[in-house]
$ cat target-v3.csv   # CSV, C-alpha atoms
chain,number,residue,atom,x,y,z
A,1,MET,CA,0.0,0.0,0.0
A,2,ASP,CA,1.3,3.5,-0.6
A,3,LYS,CA,2.8,5.6,2.1
A,4,ASN,CA,0.1,8.3,2.0
A,5,THR,CA,-2.1,6.4,4.5
A,6,MET,CA,-2.8,9.1,7.0
A,7,ARG,CA,0.7,10.3,8.2
A,8,GLY,CA,0.4,13.8,6.7
A,9,GLY,CA,0.5,15.9,9.8
A,10,SER,CA,2.3,15.9,13.0
A,11,LEU,CA,2.1,12.8,15.2
A,12,ARG,CA,0.8,13.5,18.6
A,13,LYS,CA,0.9,10.1,20.3
A,14,GLY,CA,1.9,7.6,17.7
A,15,ALA,CA,0.5,5.4,15.0
A,16,ILE,CA,-2.0,2.6,14.9
A,17,VAL,CA,-0.9,-0.1,12.4
A,18,CYS,CA,-3.5,-2.1,10.6
A,19,ILE,CA,-2.5,-5.2,8.6
A,20,ASP,CA,-4.8,-7.1,6.3
A,21,ASP,CA,-4.4,-8.7,2.8
A,22,GLU,CA,-7.9,-7.3,1.9
A,23,ARG,CA,-7.7,-3.7,0.8
A,24,SER,CA,-11.4,-3.0,1.5
A,25,VAL,CA,-10.9,-4.1,5.1
A,26,LEU,CA,-7.9,-1.8,5.5
A,27,LEU,CA,-9.7,1.2,4.0
A,28,SER,CA,-12.6,0.6,6.3
A,29,LEU,CA,-10.3,0.5,9.3
A,30,ARG,CA,-8.6,3.6,8.2
A,31,ASP,CA,-11.8,5.5,7.7
A,32,GLN,CA,-13.3,4.5,11.0
A,33,LEU,CA,-10.2,4.8,13.2
A,34,GLY,CA,-9.2,8.0,11.5
A,35,TRP,CA,-12.6,9.5,12.1
A,36,LEU,CA,-12.5,8.5,15.8
A,37,LEU,CA,-8.8,9.1,16.6
A,38,GLU,CA,-7.6,11.7,14.1
A,39,HIS,CA,-6.5,14.1,16.8
A,40,GLU,CA,-4.5,11.6,18.7
A,41,TYR,CA,-3.1,9.0,16.3
A,42,THR,CA,-2.3,8.4,12.7
A,43,VAL,CA,-3.5,5.2,11.0
A,44,GLU,CA,-0.9,3.2,9.0
A,45,LEU,CA,-1.8,0.4,6.6
A,46,ALA,CA,0.0,-2.6,5.3
A,47,GLU,CA,-1.3,-5.3,2.9
A,48,SER,CA,1.2,-8.0,3.8
A,49,GLY,CA,3.5,-9.2,6.6
A,50,GLU,CA,6.6,-8.1,4.7
A,51,GLU,CA,5.1,-4.6,4.2
A,52,ALA,CA,4.1,-4.4,7.9
A,53,LEU,CA,7.6,-5.3,9.0
A,54,ALA,CA,9.1,-2.6,6.8
A,55,LEU,CA,6.6,-0.1,8.1
A,56,LEU,CA,7.4,-1.1,11.7
A,57,GLU,CA,11.1,-0.5,11.0
A,58,GLU,CA,10.3,2.9,9.4
A,59,LEU,CA,8.2,4.0,12.3
A,60,ALA,CA,10.9,2.9,14.8
A,61,ALA,CA,13.5,4.8,12.9
A,62,ASP,CA,11.3,7.9,13.0
A,63,GLN,CA,10.8,7.3,16.8
A,64,ILE,CA,7.0,7.0,16.3
A,65,SER,CA,5.3,4.9,19.0
A,66,VAL,CA,3.0,2.1,17.9
A,67,PRO,CA,0.6,1.5,20.8
A,68,VAL,CA,-1.8,-0.7,18.8
A,69,VAL,CA,-1.5,-3.2,16.0
A,70,ILE,CA,-4.6,-4.6,14.4
A,71,CYS,CA,-3.8,-7.7,12.3
A,72,ASP,CA,-5.7,-10.2,10.2
A,73,GLN,CA,-5.1,-13.8,11.3
A,74,MET,CA,-5.4,-15.5,7.9
A,75,MET,CA,-3.0,-13.9,5.4
A,76,PRO,CA,-1.3,-15.8,2.5
A,77,GLU,CA,2.3,-15.6,3.5
A,78,ILE,CA,2.2,-15.4,7.3
A,79,ARG,CA,-0.3,-15.9,10.1
A,80,GLY,CA,-1.3,-12.9,12.0
A,81,VAL,CA,-0.2,-14.4,15.3
A,82,ASP,CA,3.3,-15.1,13.9
A,83,LEU,CA,3.6,-11.5,12.6
A,84,LEU,CA,2.5,-10.1,16.0
A,85,GLU,CA,5.2,-12.2,17.7
A,86,LYS,CA,7.8,-10.5,15.5
A,87,PHE,CA,6.2,-7.1,16.5
A,88,THR,CA,6.3,-8.1,20.2
A,89,ARG,CA,10.0,-8.6,20.0
A,90,ALA,CA,10.5,-5.2,18.4
A,91,ILE,CA,7.9,-3.2,20.3
A,92,PRO,CA,7.1,-5.0,23.6
A,93,LYS,CA,4.9,-2.2,25.1
A,94,ARG,CA,1.7,-2.2,23.0
A,95,SER,CA,-1.7,-3.8,22.8
A,96,LYS,CA,-2.4,-6.2,20.0
A,97,PHE,CA,-5.5,-7.6,18.3
A,98,CYS,CA,-5.8,-10.5,15.9

$ encode --input "target-v3.csv" --output "structure tokens"
Amino acid sequence: MDKNTMRGGSLRKGAIVCIDDERSVLLSLRDQLGWLLEHEYTVELAESGEEALALLEELAADQISVPVVICDQMMPEIRGVDLLEKFTRAIPKRSKFC
């Protein structure tokens, strides 16, 4: 997915990362979470585990906190729970949903 998710302005508290191989699900999450949390968080989207890991590295390099990751369980290349385990090692202090 392109990098123009919702990161346009300044980040106040961090980013919520949504991962799903179905674009329509991601766009729905972006719209709903963005509407509810636009003043506190940016919503970042990834369509694959590989893209999500790259996004996580980019956010970490930019020192952007990731308090919540919402991840699809059934993706073609990696199960959501396996991806979240990788995230947990990189960012141990955050909530996670699968």

$ atom_distance --input "target-v3.csv" --atom1 "atom CA of A:Asp21" --atom2 "atom CA of A:Cys71"
9.6 Å

$ residues_around --input "target-v3.csv" --residues "stretch 11-20 of chain A" --least-positions-apart "6" --cutoff "7 Å" --atoms "all atoms listed in the file" --output "list of chain:residue names"
A:Leu26, A:Glu40, A:Tyr41, A:Thr42, A:Val43, A:Glu44, A:Leu45, A:Ala46, A:Glu47, A:Ser48, A:Ala52, A:Ile64, A:Ser65, A:Val66, A:Pro67, A:Val68, A:Val69, A:Ile70, A:Cys71, A:Asp72

$ atom_distance --input "target-v3.csv" --atom1 "atom CA of A:Glu85" --atom2 "atom CA of A:Arg30"
23.0 Å

$ atom_distance --input "target-v3.csv" --atom1 "atom CA of A:Leu84" --atom2 "atom CA of A:Leu27"
20.5 Å

$ closest_residue --input "target-v3.csv" --among "A:Asp31, A:Glu38, A:Asp62, A:Glu22" --to "A:Met74" --atoms "only C-alpha atoms"
A:Glu22

$ decode --input "target-v3.csv" --residues "stretch 30-63 of chain A" --atoms "N, CA and C atoms" --output "PDB file, in the first residue's frame"
ATOM      1  N   ARG A  30      -9.126   2.286   8.248  1.00  0.00           N
ATOM      2  CA  ARG A  30      -8.550   3.631   8.161  1.00  0.00           C
ATOM      3  C   ARG A  30      -9.626   4.696   8.332  1.00  0.00           C
ATOM      4  N   ASP A  31     -10.737   4.508   7.642  1.00  0.00           N
ATOM      5  CA  ASP A  31     -11.801   5.504   7.717  1.00  0.00           C
ATOM      6  C   ASP A  31     -12.396   5.593   9.120  1.00  0.00           C
ATOM      7  N   GLN A  32     -12.707   4.454   9.705  1.00  0.00           N
ATOM      8  CA  GLN A  32     -13.346   4.451  11.028  1.00  0.00           C
ATOM      9  C   GLN A  32     -12.398   4.921  12.126  1.00  0.00           C
ATOM     10  N   LEU A  33     -11.186   4.365  12.149  1.00  0.00           N
ATOM     11  CA  LEU A  33     -10.230   4.764  13.192  1.00  0.00           C
ATOM     12  C   LEU A  33      -9.776   6.210  12.997  1.00  0.00           C
ATOM     13  N   GLY A  34      -9.574   6.585  11.748  1.00  0.00           N
ATOM     14  CA  GLY A  34      -9.164   7.958  11.471  1.00  0.00           C
ATOM     15  C   GLY A  34     -10.212   8.952  11.942  1.00  0.00           C
ATOM     16  N   TRP A  35     -11.463   8.633  11.713  1.00  0.00           N
ATOM     17  CA  TRP A  35     -12.552   9.514  12.135  1.00  0.00           C
ATOM     18  C   TRP A  35     -12.606   9.624  13.650  1.00  0.00           C
ATOM     19  N   LEU A  36     -12.418   8.498  14.332  1.00  0.00           N
ATOM     20  CA  LEU A  36     -12.508   8.491  15.796  1.00  0.00           C
ATOM     21  C   LEU A  36     -11.270   9.068  16.481  1.00  0.00           C
ATOM     22  N   LEU A  37     -10.099   8.837  15.895  1.00  0.00           N
ATOM     23  CA  LEU A  37      -8.849   9.131  16.596  1.00  0.00           C
ATOM     24  C   LEU A  37      -7.945  10.127  15.875  1.00  0.00           C
ATOM     25  N   GLU A  38      -8.468  10.854  14.906  1.00  0.00           N
ATOM     26  CA  GLU A  38      -7.630  11.699  14.067  1.00  0.00           C
ATOM     27  C   GLU A  38      -6.792  12.721  14.832  1.00  0.00           C
ATOM     28  N   HIS A  39      -7.245  13.125  15.998  1.00  0.00           N
ATOM     29  CA  HIS A  39      -6.498  14.131  16.754  1.00  0.00           C
ATOM     30  C   HIS A  39      -5.423  13.530  17.649  1.00  0.00           C
ATOM     31  N   GLU A  40      -5.425  12.227  17.795  1.00  0.00           N
ATOM     32  CA  GLU A  40      -4.463  11.590  18.687  1.00  0.00           C
ATOM     33  C   GLU A  40      -3.495  10.638  17.994  1.00  0.00           C
ATOM     34  N   TYR A  41      -3.945   9.981  16.921  1.00  0.00           N
ATOM     35  CA  TYR A  41      -3.120   8.969  16.257  1.00  0.00           C
ATOM     36  C   TYR A  41      -3.210   9.101  14.752  1.00  0.00           C
ATOM     37  N   THR A  42      -2.198   8.587  14.096  1.00  0.00           N
ATOM     38  CA  THR A  42      -2.251   8.401  12.663  1.00  0.00           C
ATOM     39  C   THR A  42      -2.520   6.922  12.418  1.00  0.00           C
ATOM     40  N   VAL A  43      -3.161   6.585  11.328  1.00  0.00           N
ATOM     41  CA  VAL A  43      -3.464   5.198  11.001  1.00  0.00           C
ATOM     42  C   VAL A  43      -2.579   4.789   9.833  1.00  0.00           C
ATOM     43  N   GLU A  44      -1.785   3.752  10.038  1.00  0.00           N
ATOM     44  CA  GLU A  44      -0.875   3.242   9.016  1.00  0.00           C
ATOM     45  C   GLU A  44      -1.389   1.895   8.534  1.00  0.00           C
ATOM     46  N   LEU A  45      -1.292   1.637   7.234  1.00  0.00           N
ATOM     47  CA  LEU A  45      -1.834   0.429   6.639  1.00  0.00           C
ATOM     48  C   LEU A  45      -0.749  -0.392   5.958  1.00  0.00           C
ATOM     49  N   ALA A  46      -0.898  -1.714   6.035  1.00  0.00           N
ATOM     50  CA  ALA A  46      -0.006  -2.633   5.325  1.00  0.00           C
ATOM     51  C   ALA A  46      -0.834  -3.801   4.813  1.00  0.00           C
ATOM     52  N   GLU A  47      -0.563  -4.217   3.564  1.00  0.00           N
ATOM     53  CA  GLU A  47      -1.322  -5.296   2.947  1.00  0.00           C
ATOM     54  C   GLU A  47      -0.648  -6.660   3.050  1.00  0.00           C
ATOM     55  N   SER A  48       0.520  -6.719   3.677  1.00  0.00           N
ATOM     56  CA  SER A  48       1.225  -7.999   3.810  1.00  0.00           C
ATOM     57  C   SER A  48       2.125  -7.958   5.040  1.00  0.00           C
ATOM     58  N   GLY A  49       2.560  -9.127   5.453  1.00  0.00           N
ATOM     59  CA  GLY A  49       3.480  -9.197   6.579  1.00  0.00           C
ATOM     60  C   GLY A  49       4.792  -8.503   6.281  1.00  0.00           C
ATOM     61  N   GLU A  50       5.293  -8.690   5.083  1.00  0.00           N
ATOM     62  CA  GLU A  50       6.556  -8.057   4.688  1.00  0.00           C
ATOM     63  C   GLU A  50       6.433  -6.536   4.715  1.00  0.00           C
ATOM     64  N   GLU A  51       5.335  -6.034   4.179  1.00  0.00           N
ATOM     65  CA  GLU A  51       5.108  -4.587   4.182  1.00  0.00           C
ATOM     66  C   GLU A  51       4.956  -4.064   5.609  1.00  0.00           C
ATOM     67  N   ALA A  52       4.298  -4.836   6.454  1.00  0.00           N
ATOM     68  CA  ALA A  52       4.102  -4.432   7.851  1.00  0.00           C
ATOM     69  C   ALA A  52       5.428  -4.364   8.594  1.00  0.00           C
ATOM     70  N   LEU A  53       6.299  -5.336   8.377  1.00  0.00           N
ATOM     71  CA  LEU A  53       7.604  -5.318   9.045  1.00  0.00           C
ATOM     72  C   LEU A  53       8.442  -4.129   8.585  1.00  0.00           C
ATOM     73  N   ALA A  54       8.392  -3.821   7.291  1.00  0.00           N
ATOM     74  CA  ALA A  54       9.111  -2.646   6.776  1.00  0.00           C
ATOM     75  C   ALA A  54       8.539  -1.364   7.383  1.00  0.00           C
ATOM     76  N   LEU A  55       7.223  -1.301   7.492  1.00  0.00           N
ATOM     77  CA  LEU A  55       6.560  -0.137   8.099  1.00  0.00           C
ATOM     78  C   LEU A  55       6.980   0.014   9.554  1.00  0.00           C
ATOM     79  N   LEU A  56       7.009  -1.086  10.281  1.00  0.00           N
ATOM     80  CA  LEU A  56       7.423  -1.055  11.679  1.00  0.00           C
ATOM     81  C   LEU A  56       8.846  -0.516  11.812  1.00  0.00           C
ATOM     82  N   GLU A  57       9.743  -0.967  10.942  1.00  0.00           N
ATOM     83  CA  GLU A  57      11.122  -0.475  10.972  1.00  0.00           C
ATOM     84  C   GLU A  57      11.174   1.023  10.696  1.00  0.00           C
ATOM     85  N   GLU A  58      10.380   1.474   9.730  1.00  0.00           N
ATOM     86  CA  GLU A  58      10.341   2.899   9.385  1.00  0.00           C
ATOM     87  C   GLU A  58       9.814   3.734  10.556  1.00  0.00           C
ATOM     88  N   LEU A  59       8.749   3.262  11.189  1.00  0.00           N
ATOM     89  CA  LEU A  59       8.189   3.984  12.331  1.00  0.00           C
ATOM     90  C   LEU A  59       9.181   4.022  13.491  1.00  0.00           C
ATOM     91  N   ALA A  60       9.855   2.912  13.730  1.00  0.00           N
ATOM     92  CA  ALA A  60      10.854   2.859  14.802  1.00  0.00           C
ATOM     93  C   ALA A  60      12.009   3.816  14.504  1.00  0.00           C
ATOM     94  N   ALA A  61      12.451   3.858  13.251  1.00  0.00           N
ATOM     95  CA  ALA A  61      13.544   4.763  12.866  1.00  0.00           C
ATOM     96  C   ALA A  61      13.141   6.219  13.052  1.00  0.00           C
ATOM     97  N   ASP A  62      11.853   6.510  12.838  1.00  0.00           N
ATOM     98  CA  ASP A  62      11.342   7.866  13.015  1.00  0.00           C
ATOM     99  C   ASP A  62      10.925   8.137  14.461  1.00  0.00           C
ATOM    100  N   GLN A  63      11.158   7.170  15.341  1.00  0.00           N
ATOM    101  CA  GLN A  63      10.813   7.254  16.766  1.00  0.00           C
ATOM    102  C   GLN A  63       9.318   7.535  16.981  1.00  0.00           C
TER     103      GLN A  63
END
